[in-house]
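S.K.: Take this structure first; my questions come after.
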Amino acid sequence: MDEQTAIRLFFDERTDEAFCALFVEVYPRARRYFLVRNVDQMTAEDLAQAVLFRIHQKADELKDRALFYGWLFTIARNELLQHWRKQQSRIVTVELEPLAENFTVEPTGMLQLEFDEWLNFLEPNERELLLLRFVEGLTYEELTVTLGIPLGTVESRLFHVRKKLLRIADAQSGKPKASANSKTSK
Amino acid sequence: MNHGITPNEWERHLNGTLTTTEQERIDAHLIGCLPCWDFYQRMMTLNAKLQEAGEMKRDAFALSDERLRAGLLNVFTRIHNAETDEPATPLQTRLNELEAVMSVFCGEQAAVNAMQAAAAHSPAKSLKQITHENWEPFLQRLIAIAQVLCGRTGARWLLESGRL
């Protein structure tokens with residue numbers, strides 16, 4: 001069963017079986033949303049389960065099924081903010097264990113490293129936009145729902161993030177500044 | 001100077017969502033303007049890199065069937081608790097967690113049976129009668145069963161999860 005069929009089935013039938021089908025399709029994405037934002041695995045699973053629980057309980061609130069993922073990531077975002085707020089109110093002291101001598105970092109692809117490095121150069125709202133667009137694969141319409149901004153703003157923000165990345169890539173490779181940089185500056 | 005192309009039009013061009021008229025106008029400009037063509041090419045390369053990196057990031061967080069099942073079980077427990085309007089007690093929540101952990105190692109039905117057997121052969125006599133006072137003997141009984149069903153790793157995990 002594909003994602004769209006599972007979504008349609010759940011909203012049409014609202015049975016346990018339909019929810020199971022939806023869960024199988026959606027839970028990994030909800031969990032990944034938190035993992036990508038540096039939440040540890042156990043907490044990411046807890047938060048993803050909270051998201052799926054809310055979807056089950058508040059299914060009537062979704063007006064346009066085509067924007068399901070926009071709605072889902074709005075719920076996920078709220079859960080994450082709530083989690084961060086709780087974290088901030090706690091002070092935890094942990095004993096750090098020394099690293100084992102044979103400790104090594106798992107090798108990842110160059111592109112992956114480059115992508116993670118790029119994210120570090122971006123402002124939090126730019127990073128969020130990039131992750132939702134390229135990791136979660138949200139459409140512009142879904143981005144407007146998740147981020148609560150108009151379509152035109154989504155487009156122009158995405159363009160400016162791309163342009164910023166191009167400048168970073170140029171700076172890293174030692175190339176002169178992009179000549180088309182001035183293209184959009186009046 | 002923007003050569004008549006706005007940021008939004010650039011973005012829609014990269015995304016392939018321009019109208020035919022807009023598309024034709026911008027394509028005509030790109031053919032005749034070297035700086036814009038160069039900028040467009042580099043944007044396309046960057047776009048392809050972002051798409052590929054996004055895909056790799058998605059693949060990096062694959063989820064095992066066991067974790068998926070444990071997650072589903074937890075959500076159904078929450079749904080059930082919400083429907084019966086009975087907020088789960090801390091002990092009930094802990095029992096659900098133990099069952100979810102055990103399901104990962106030996107399957108859902110075996111986990112349910114093991115929980116019931118452990119309760120029946122402990123002072124609690126049944127899962128419903130488990131309290132803080134008789135929790136420890138129940139847990140020890142469950143660990144003993146888990147060592148057979150789930151192996152040492154599973155039993156150890158269960159012990160960690162079961163500590164009050």
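Please note that chains go A, B, ... in the order of the structure tokens, that every chain numbers its residues from 1, and that ligands are numbered from 1 in the order shown.
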Hey, could you make a per-residue contact list for chain B against chain A with 9 Å as the cut-off, showing the nearest pair of atoms and its distance in Å to one decimal, counting only C-alpha atoms, sorted by chain and number, as CSV?
M.R.:
```
residue,atom,partner,partner_atom,distance
B:Met1,CA,A:Lys186,CA,5.1
B:Asn2,CA,A:Lys183,CA,4.2
B:His3,CA,A:Lys183,CA,6.6
B:Gly4,CA,A:Thr184,CA,8.8
B:Ile5,CA,A:Thr184,CA,7.4
B:Thr6,CA,A:Thr184,CA,6.3
B:Pro7,CA,A:Ser156,CA,5.5
B:Asn8,CA,A:Ser156,CA,5.0
B:Glu9,CA,A:Glu155,CA,8.4
B:Trp10,CA,A:Phe159,CA,7.1
B:Glu11,CA,A:Phe159,CA,5.4
B:Arg12,CA,A:Glu155,CA,7.2
B:Pro35,CA,A:Ala180,CA,6.1
B:Cys36,CA,A:Ala180,CA,6.3
B:Asp38,CA,A:Ala180,CA,8.0
B:Phe39,CA,A:Ala180,CA,5.6
B:Tyr40,CA,A:Ala180,CA,8.8
B:Arg42,CA,A:Leu166,CA,7.8
B:Met43,CA,A:Arg162,CA,7.4
B:Leu46,CA,A:Leu166,CA,7.2
B:Asn47,CA,A:Arg162,CA,8.0
B:Lys49,CA,A:Leu111,CA,7.6
B:Leu50,CA,A:Phe134,CA,6.5
B:Gln51,CA,A:Phe134,CA,5.8
B:Glu52,CA,A:Leu111,CA,8.2
B:Ala53,CA,A:Gln112,CA,5.7
B:Gly54,CA,A:Val135,CA,4.2
B:Glu55,CA,A:Val135,CA,6.4
B:Met56,CA,A:Gln112,CA,7.0
B:Lys57,CA,A:Val135,CA,6.5
B:Arg58,CA,A:Val135,CA,6.1
B:Phe61,CA,A:Arg32,CA,6.2
B:Ala62,CA,A:Pro28,CA,7.5
B:Leu63,CA,A:Pro28,CA,6.4
B:Arg67,CA,A:Glu45,CA,8.8
B:Leu68,CA,A:Val24,CA,7.3
B:Arg69,CA,A:Val24,CA,8.8
B:Gly71,CA,A:Gln49,CA,6.5
B:Leu72,CA,A:Phe23,CA,7.1
B:Asn74,CA,A:Gln49,CA,7.4
B:Val75,CA,A:Gln49,CA,5.9
B:Phe76,CA,A:Phe53,CA,8.2
B:Arg78,CA,A:Phe53,CA,7.2
B:Ile79,CA,A:Phe53,CA,6.8
```
S.K.: For the selection you just gave me, I'd like the residues written to a file as a short mmCIF file (atom, residue, chain, number, x, y, z; two decimals), in the first residue's frame, keeping N, CA and C atoms.
M.R.:
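So selection_29.cif came out as:
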```cif
data_model
loop_
_atom_site.label_atom_id
_atom_site.label_comp_id
_atom_site.auth_asym_id
_atom_site.auth_seq_id
_atom_site.Cartn_x
_atom_site.Cartn_y
_atom_site.Cartn_z
N MET B 1 19.67 45.87 -10.50
CA MET B 1 19.45 45.18 -11.78
C MET B 1 19.06 43.72 -11.51
N ASN B 2 17.95 43.29 -12.11
CA ASN B 2 17.59 41.88 -11.89
C ASN B 2 17.27 41.17 -13.21
N HIS B 3 17.56 41.83 -14.33
CA HIS B 3 17.32 41.25 -15.67
C HIS B 3 15.86 40.82 -15.82
N GLY B 4 14.99 41.43 -15.07
CA GLY B 4 13.55 41.14 -15.21
C GLY B 4 13.11 39.82 -14.61
N ILE B 5 13.98 39.17 -13.83
CA ILE B 5 13.59 37.89 -13.22
C ILE B 5 13.60 38.06 -11.70
N THR B 6 12.46 37.85 -11.08
CA THR B 6 12.36 38.03 -9.62
C THR B 6 12.82 36.75 -8.91
N PRO B 7 13.15 36.86 -7.61
CA PRO B 7 13.53 35.64 -6.86
C PRO B 7 12.46 34.56 -6.96
N ASN B 8 11.19 34.96 -6.88
CA ASN B 8 10.11 33.97 -6.95
C ASN B 8 10.07 33.28 -8.30
N GLU B 9 10.35 34.05 -9.38
CA GLU B 9 10.36 33.43 -10.70
C GLU B 9 11.54 32.47 -10.85
N TRP B 10 12.69 32.87 -10.31
CA TRP B 10 13.85 31.96 -10.33
C TRP B 10 13.49 30.66 -9.63
N GLU B 11 12.86 30.80 -8.45
CA GLU B 11 12.53 29.62 -7.65
C GLU B 11 11.55 28.72 -8.40
N ARG B 12 10.53 29.36 -8.99
CA ARG B 12 9.53 28.56 -9.72
C ARG B 12 10.15 27.92 -10.96
N PRO B 35 25.71 35.60 -18.10
CA PRO B 35 25.75 35.55 -16.64
C PRO B 35 24.53 34.82 -16.05
N CYS B 36 23.35 35.09 -16.64
CA CYS B 36 22.14 34.43 -16.12
C CYS B 36 22.19 32.94 -16.40
N ASP B 38 24.86 31.08 -16.70
CA ASP B 38 25.84 30.49 -15.78
C ASP B 38 25.22 30.32 -14.38
N PHE B 39 24.52 31.37 -13.93
CA PHE B 39 23.87 31.33 -12.62
C PHE B 39 22.84 30.20 -12.57
N TYR B 40 22.07 30.09 -13.63
CA TYR B 40 21.03 29.05 -13.71
C TYR B 40 21.66 27.65 -13.64
N ARG B 42 24.50 26.76 -12.35
CA ARG B 42 25.04 26.48 -11.02
C ARG B 42 23.94 26.21 -10.01
N MET B 43 22.85 26.92 -10.17
CA MET B 43 21.69 26.67 -9.30
C MET B 43 21.14 25.26 -9.52
N LEU B 46 23.43 22.80 -7.86
CA LEU B 46 23.21 22.85 -6.41
C LEU B 46 21.91 22.13 -6.04
N ASN B 47 20.88 22.37 -6.84
CA ASN B 47 19.59 21.74 -6.60
C ASN B 47 19.70 20.22 -6.63
N LYS B 49 22.35 18.46 -6.08
CA LYS B 49 23.12 18.04 -4.90
C LYS B 49 22.23 18.01 -3.67
N LEU B 50 21.38 19.02 -3.53
CA LEU B 50 20.49 19.08 -2.37
C LEU B 50 19.50 17.91 -2.39
N GLN B 51 18.99 17.62 -3.58
CA GLN B 51 18.04 16.50 -3.71
C GLN B 51 18.71 15.20 -3.29
N GLU B 52 19.95 15.01 -3.79
CA GLU B 52 20.66 13.77 -3.51
C GLU B 52 21.02 13.65 -2.02
N ALA B 53 21.48 14.78 -1.46
CA ALA B 53 21.86 14.78 -0.04
C ALA B 53 20.64 14.52 0.84
N GLY B 54 19.50 15.10 0.45
CA GLY B 54 18.25 14.90 1.19
C GLY B 54 17.85 13.44 1.18
N GLU B 55 18.02 12.80 0.01
CA GLU B 55 17.68 11.39 -0.13
C GLU B 55 18.58 10.52 0.76
N MET B 56 19.87 10.88 0.78
CA MET B 56 20.82 10.13 1.60
C MET B 56 20.47 10.27 3.08
N LYS B 57 20.06 11.47 3.46
CA LYS B 57 19.71 11.71 4.86
C LYS B 57 18.47 10.89 5.23
N ARG B 58 17.52 10.80 4.29
CA ARG B 58 16.32 10.00 4.55
C ARG B 58 16.70 8.54 4.79
N PHE B 61 18.19 7.08 8.29
CA PHE B 61 17.40 6.84 9.50
C PHE B 61 16.37 5.74 9.30
N ALA B 62 16.82 4.65 8.71
CA ALA B 62 15.91 3.52 8.48
C ALA B 62 15.43 2.96 9.82
N LEU B 63 14.22 2.42 9.81
CA LEU B 63 13.60 1.92 11.04
C LEU B 63 13.36 0.42 10.92
N ARG B 67 11.15 -2.11 15.87
CA ARG B 67 10.91 -0.79 16.46
C ARG B 67 9.57 -0.23 15.97
N LEU B 68 9.26 -0.53 14.72
CA LEU B 68 7.98 -0.06 14.16
C LEU B 68 6.82 -0.69 14.93
N ARG B 69 6.94 -2.00 15.18
CA ARG B 69 5.89 -2.71 15.89
C ARG B 69 5.75 -2.22 17.33
N GLY B 71 6.49 0.69 18.43
CA GLY B 71 5.90 2.02 18.35
C GLY B 71 4.39 1.94 18.18
N LEU B 72 3.96 1.05 17.30
CA LEU B 72 2.53 0.89 17.03
C LEU B 72 1.80 0.44 18.30
N ASN B 74 2.68 0.93 21.40
CA ASN B 74 2.61 2.04 22.36
C ASN B 74 1.49 3.02 22.00
N VAL B 75 1.38 3.32 20.71
CA VAL B 75 0.34 4.28 20.30
C VAL B 75 -1.05 3.69 20.53
N PHE B 76 -1.21 2.41 20.23
CA PHE B 76 -2.53 1.79 20.47
C PHE B 76 -2.86 1.77 21.97
N ARG B 78 -1.95 4.05 24.10
CA ARG B 78 -2.38 5.42 24.42
C ARG B 78 -3.79 5.67 23.94
N ILE B 79 -4.08 5.18 22.72
CA ILE B 79 -5.42 5.37 22.17
C ILE B 79 -6.45 4.67 23.05
#
```
S.K.: Applying 6 Å and only C-alpha atoms, which residues near Ala6 of chain A remain after dropping the ones on its own chain fewer than 3 positions away? List them as a ChimeraX atom specification.
M.R.: /A:3,9,21-22
S.K.: Mind dumping the selected residues with N, CA, C and O atoms as a PDB file, in the first residue's frame?
M.R.:
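The resulting out-v1.pdb:
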```pdb
ATOM      1  N   GLU A   3       1.671   5.524   0.313  1.00  0.00           N
ATOM      2  CA  GLU A   3       1.344   6.550   1.311  1.00  0.00           C
ATOM      3  C   GLU A   3      -0.033   7.169   1.087  1.00  0.00           C
ATOM      4  O   GLU A   3      -0.830   7.298   2.023  1.00  0.00           O
ATOM      5  N   LEU A   9      -7.391   5.918   3.033  1.00  0.00           N
ATOM      6  CA  LEU A   9      -8.077   4.846   3.747  1.00  0.00           C
ATOM      7  C   LEU A   9      -8.370   5.242   5.196  1.00  0.00           C
ATOM      8  O   LEU A   9      -9.475   5.040   5.701  1.00  0.00           O
ATOM      9  N   ALA A  21      -2.180   0.868   8.834  1.00  0.00           N
ATOM     10  CA  ALA A  21      -1.599   1.121   7.510  1.00  0.00           C
ATOM     11  C   ALA A  21      -0.988   2.517   7.452  1.00  0.00           C
ATOM     12  O   ALA A  21       0.116   2.716   6.932  1.00  0.00           O
ATOM     13  N   LEU A  22      -1.701   3.476   8.021  1.00  0.00           N
ATOM     14  CA  LEU A  22      -1.195   4.856   8.054  1.00  0.00           C
ATOM     15  C   LEU A  22       0.073   4.928   8.908  1.00  0.00           C
ATOM     16  O   LEU A  22       1.062   5.574   8.532  1.00  0.00           O
TER      17      LEU A  22
END
```
S.K.: How close does segment 1-106 of chain B get to segment 148-153 of chain B? List, as CSV, each residue of segment 1-106 of chain B within 10 Å, its nearest atom pair and the distance in Å to one decimal, counting only C-alpha atoms.
M.R.:
```
residue,atom,partner,partner_atom,distance
B:Met102,CA,B:Cys150,CA,7.4
B:Ser103,CA,B:Cys150,CA,9.3
B:Val104,CA,B:Cys150,CA,9.0
B:Phe105,CA,B:Cys150,CA,5.4
B:Cys106,CA,B:Cys150,CA,6.0
```
S.K.: Would you save the residues from that selection as a JSON list (two decimals), in the first residue's frame, using all heavy atoms?
M.R.:
```
[["chain", "number", "residue", "atom", "x", "y", "z"],
["B", 102, "MET", "N", 9.61, -6.62, 25.32],
["B", 102, "MET", "CA", 9.67, -8.07, 25.16],
["B", 102, "MET", "C", 9.18, -8.49, 23.77],
["B", 102, "MET", "O", 9.72, -9.43, 23.17],
["B", 102, "MET", "CB", 8.81, -8.72, 26.24],
["B", 102, "MET", "CG", 9.42, -10.00, 26.74],
["B", 102, "MET", "SD", 8.57, -10.62, 28.15],
["B", 102, "MET", "CE", 9.26, -12.27, 28.16],
["B", 103, "SER", "N", 8.17, -7.77, 23.27],
["B", 103, "SER", "CA", 7.64, -8.08, 21.92],
["B", 103, "SER", "C", 8.71, -7.98, 20.86],
["B", 103, "SER", "O", 8.70, -8.72, 19.88],
["B", 103, "SER", "CB", 6.51, -7.11, 21.55],
["B", 103, "SER", "OG", 5.49, -7.22, 22.48],
["B", 104, "VAL", "N", 9.63, -7.04, 21.07],
["B", 104, "VAL", "CA", 10.70, -6.85, 20.09],
["B", 104, "VAL", "C", 11.52, -8.13, 19.96],
["B", 104, "VAL", "O", 11.93, -8.52, 18.87],
["B", 104, "VAL", "CB", 11.62, -5.67, 20.53],
["B", 104, "VAL", "CG1", 12.84, -5.58, 19.65],
["B", 104, "VAL", "CG2", 10.84, -4.38, 20.53],
["B", 105, "PHE", "N", 11.71, -8.83, 21.08],
["B", 105, "PHE", "CA", 12.58, -10.00, 21.07],
["B", 105, "PHE", "C", 11.84, -11.30, 20.73],
["B", 105, "PHE", "O", 12.39, -12.16, 20.07],
["B", 105, "PHE", "CB", 13.26, -10.17, 22.44],
["B", 105, "PHE", "CG", 14.34, -9.15, 22.68],
["B", 105, "PHE", "CD1", 14.05, -7.96, 23.32],
["B", 105, "PHE", "CD2", 15.62, -9.36, 22.22],
["B", 105, "PHE", "CE1", 15.02, -7.01, 23.53],
["B", 105, "PHE", "CE2", 16.61, -8.42, 22.42],
["B", 105, "PHE", "CZ", 16.31, -7.24, 23.07],
["B", 106, "CYS", "N", 10.61, -11.43, 21.26],
["B", 106, "CYS", "CA", 9.99, -12.75, 21.08],
["B", 106, "CYS", "C", 8.59, -12.69, 20.47],
["B", 106, "CYS", "O", 7.91, -13.71, 20.42],
["B", 106, "CYS", "CB", 9.95, -13.47, 22.43],
["B", 106, "CYS", "SG", 8.97, -12.61, 23.66]]
```
S.K.: Identify which of the residues A:Glu79, A:Glu61, A:Glu25, A:Glu126 lies closest to Val161 of chain A, counting only C-alpha atoms when measuring atom-to-atom distances.
M.R.: A:Glu126
S.K.: Using only C-alpha atoms, which of the listed residues (B:Ala28, B:Ala118, B:Leu127, B:Ala110) sits closest to Leu139 of chain B?
M.R.: B:Ala118
